[in-house]
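> For reference, the structure I am asking about is given below.
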Amino acid sequence: MNSFRFPLLDRATPNSVISTTLNDLSNWSRLSSLWPLLYGTSCCFIEFASLIGSRFDFDRYGLVPRSSPRQLDLILTAGTITMKMAPSLVRLYEQMPEPKYVIALGACTITGGMFNTDSYSTIWGVDKLIPIDVYLPDCPPKPEAVIDAITKLRKKISRELYED
């Protein structure tokens, strides 16, 4: 048999202690299990939907898409937001439990895009309705860019401090 020994596996630690703060533990658990809302109004949502497939495997980041706003903590707004859709978006945001996060996907969501000059019903930026944590201004955003935006949001979550 092979007599090679693994020195790290042979060492047994009799007393193991993990030292951390409750704030760090809470942040780690939240950033490891973000649940996004399936919310999209146009072409940006098609790019977002491709993340759920096997090529990009959205689930390996701990992102489990949900359809109920009372069970999620992340909205990925994707597409043009019109005045008719604005009350529904605000209602969905208000129904979410704290802490809640928003990523704005695409130029149409952030500035109104190509519709902001000719359309009277387009909202010129979703940040006029709800607070945005991460902006992603591609048109349409690539799935790799969406994963990068989620990584930036996870870094932001890991730095948060909560007081009692």
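So you can find residues: chains in the structure tokens are A, B, ... in the order shown, residues in each start at 1, and ligands are numbered from 1 in order.
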Within region 2-163 of chain A, find each residue whose DSSP state, derived from the backbone, is helix (DSSP H, G or I), and express the selection as a ChimeraX atom specification.
/A:7-10,22-31,43-52,58-61,69-71,86-95,107-111,113-115,126-128,143-158
> Measuring atom to atom with only C-alpha atoms, identify which of A:Ser33, A:Gly106, A:Ser54, A:Asp59 is nearest to Leu72 (chain A).
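Using only C-alpha atoms, the shortest distance to Leu72 (chain A) belongs to A:Ser33.
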> Tell me which of A:Ile147, A:Met83, A:Leu22, A:Cys139 sits closest to Tyr120 (chain A), counting only C-alpha atoms.
A:Met83
> I'd like the neighbourhood of Phe48 (chain A) as a JSON list (two decimals) with N, CA, C and O atoms, in the first residue's frame, where a residue qualifies if any of its atoms comes within 8 Å (using only C-alpha atoms), though same-chain residues fewer than 4 positions away should be ignored.

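Written out: out-v9.json:
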[["chain", "number", "residue", "atom", "x", "y", "z"],
["A", 44, "CYS", "N", -34.50, 42.78, -21.02],
["A", 44, "CYS", "CA", -33.52, 42.50, -19.97],
["A", 44, "CYS", "C", -33.88, 41.27, -19.17],
["A", 44, "CYS", "O", -33.02, 40.56, -18.67],
["A", 52, "ILE", "N", -30.99, 31.15, -15.00],
["A", 52, "ILE", "CA", -31.59, 30.03, -14.29],
["A", 52, "ILE", "C", -31.22, 28.70, -14.95],
["A", 52, "ILE", "O", -31.21, 27.66, -14.29],
["A", 78, "ALA", "N", -35.81, 44.58, -14.20],
["A", 78, "ALA", "CA", -35.28, 44.40, -15.55],
["A", 78, "ALA", "C", -36.30, 44.90, -16.55],
["A", 78, "ALA", "O", -37.42, 44.41, -16.60],
["A", 143, "PRO", "N", -25.48, 37.85, -18.98],
["A", 143, "PRO", "CA", -25.56, 37.07, -17.75],
["A", 143, "PRO", "C", -24.32, 37.17, -16.88],
["A", 143, "PRO", "O", -24.41, 37.18, -15.65],
["A", 146, "VAL", "N", -24.62, 40.29, -14.86],
["A", 146, "VAL", "CA", -25.58, 40.14, -13.77],
["A", 146, "VAL", "C", -24.93, 39.41, -12.60],
["A", 146, "VAL", "O", -25.11, 39.79, -11.44]]
> Can you tell me, as a compact mmCIF listing (two decimals) with all heavy atoms, in the first residue's frame, what residues are no more than 12 Å from Glu98 (chain A) when counting only C-alpha atoms, ignoring any on the same chain fewer than 5 positions away?

# COMPACT_ATOMS: atom_id res chain seq x y z
N ARG A 30 -26.94 35.81 5.21
CA ARG A 30 -27.78 36.53 4.25
C ARG A 30 -27.16 36.58 2.87
O ARG A 30 -27.85 36.43 1.88
CB ARG A 30 -28.05 37.96 4.75
CG ARG A 30 -29.14 38.00 5.78
CD ARG A 30 -29.56 39.40 6.12
NE ARG A 30 -28.49 40.11 6.81
CZ ARG A 30 -27.87 41.17 6.33
NH1 ARG A 30 -28.20 41.66 5.19
NH2 ARG A 30 -26.91 41.75 7.01
N PRO A 69 -43.40 38.00 -2.85
CA PRO A 69 -42.55 39.06 -2.29
C PRO A 69 -42.32 38.92 -0.79
O PRO A 69 -41.39 39.50 -0.26
CB PRO A 69 -43.32 40.34 -2.61
CG PRO A 69 -44.72 39.91 -2.80
CD PRO A 69 -44.67 38.52 -3.34
N ARG A 70 -43.12 38.15 -0.10
CA ARG A 70 -42.96 38.01 1.35
C ARG A 70 -41.87 37.01 1.73
O ARG A 70 -41.56 36.85 2.89
CB ARG A 70 -44.28 37.63 1.99
CG ARG A 70 -45.32 38.70 1.76
CD ARG A 70 -46.65 38.31 2.32
NE ARG A 70 -47.70 39.13 1.78
CZ ARG A 70 -48.06 40.30 2.26
NH1 ARG A 70 -47.43 40.79 3.29
NH2 ARG A 70 -49.04 40.98 1.72
N GLN A 71 -41.30 36.33 0.73
CA GLN A 71 -40.27 35.33 0.99
C GLN A 71 -38.92 35.71 0.39
O GLN A 71 -38.03 34.89 0.36
CB GLN A 71 -40.69 33.98 0.42
CG GLN A 71 -41.93 33.42 1.02
CD GLN A 71 -42.37 32.17 0.32
OE1 GLN A 71 -41.91 31.85 -0.76
NE2 GLN A 71 -43.27 31.44 0.95
N LEU A 72 -38.77 36.93 -0.10
CA LEU A 72 -37.54 37.25 -0.81
C LEU A 72 -36.87 38.47 -0.22
O LEU A 72 -37.43 39.17 0.60
CB LEU A 72 -37.82 37.47 -2.30
CG LEU A 72 -38.87 38.48 -2.67
CD1 LEU A 72 -38.27 39.83 -2.90
CD2 LEU A 72 -39.59 38.02 -3.89
N ASP A 73 -35.63 38.68 -0.64
CA ASP A 73 -34.89 39.83 -0.16
C ASP A 73 -34.16 40.57 -1.27
O ASP A 73 -33.36 41.45 -0.99
CB ASP A 73 -33.91 39.43 0.94
CG ASP A 73 -33.08 38.24 0.57
OD1 ASP A 73 -33.13 37.79 -0.58
OD2 ASP A 73 -32.36 37.75 1.44
N LEU A 74 -34.43 40.25 -2.53
CA LEU A 74 -33.75 40.89 -3.65
C LEU A 74 -34.72 41.04 -4.82
O LEU A 74 -35.41 40.09 -5.18
CB LEU A 74 -32.55 40.05 -4.08
CG LEU A 74 -31.80 40.45 -5.35
CD1 LEU A 74 -31.18 41.83 -5.22
CD2 LEU A 74 -30.75 39.42 -5.68
N TYR A 93 -42.10 46.02 -3.53
CA TYR A 93 -40.97 46.41 -2.68
C TYR A 93 -41.40 46.58 -1.23
O TYR A 93 -40.70 46.18 -0.31
CB TYR A 93 -40.34 47.69 -3.22
CG TYR A 93 -39.15 48.15 -2.42
CD1 TYR A 93 -37.92 47.54 -2.57
CD2 TYR A 93 -39.27 49.18 -1.50
CE1 TYR A 93 -36.83 47.94 -1.83
CE2 TYR A 93 -38.18 49.59 -0.76
CZ TYR A 93 -36.97 48.97 -0.92
OH TYR A 93 -35.89 49.37 -0.17
N TYR A 162 -25.23 46.17 11.80
CA TYR A 162 -26.56 46.34 12.38
C TYR A 162 -26.44 46.58 13.87
O TYR A 162 -25.68 45.92 14.57
CB TYR A 162 -27.43 45.10 12.13
CG TYR A 162 -27.82 44.97 10.70
CD1 TYR A 162 -27.15 44.11 9.85
CD2 TYR A 162 -28.85 45.74 10.18
CE1 TYR A 162 -27.50 44.02 8.52
CE2 TYR A 162 -29.21 45.65 8.85
CZ TYR A 162 -28.55 44.78 8.03
OH TYR A 162 -28.88 44.70 6.72
> Just give me the gap between CA of Ser67 (chain A) and CA of Thr151 (chain A) in Å, one decimal is fine.
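Here the two named atoms are 22.1 Å from each other.
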> For region 55-58 of chain A, find every residue with an atom within 9 Å (counting only C-alpha atoms), except residues of its own chain fewer than 4 positions away, and show them as a PyMOL selection string.
chain A and resi 50-51+62-65+143-144+147
> Give the answer as one residue: which of A:Thr80, A:Pro87, A:Ser42, A:Pro99 has the shortest atom-to-atom distance to Thr111 (chain A), using only C-alpha atoms?
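Using only C-alpha atoms, the shortest distance to Thr111 (chain A) belongs to A:Thr80.
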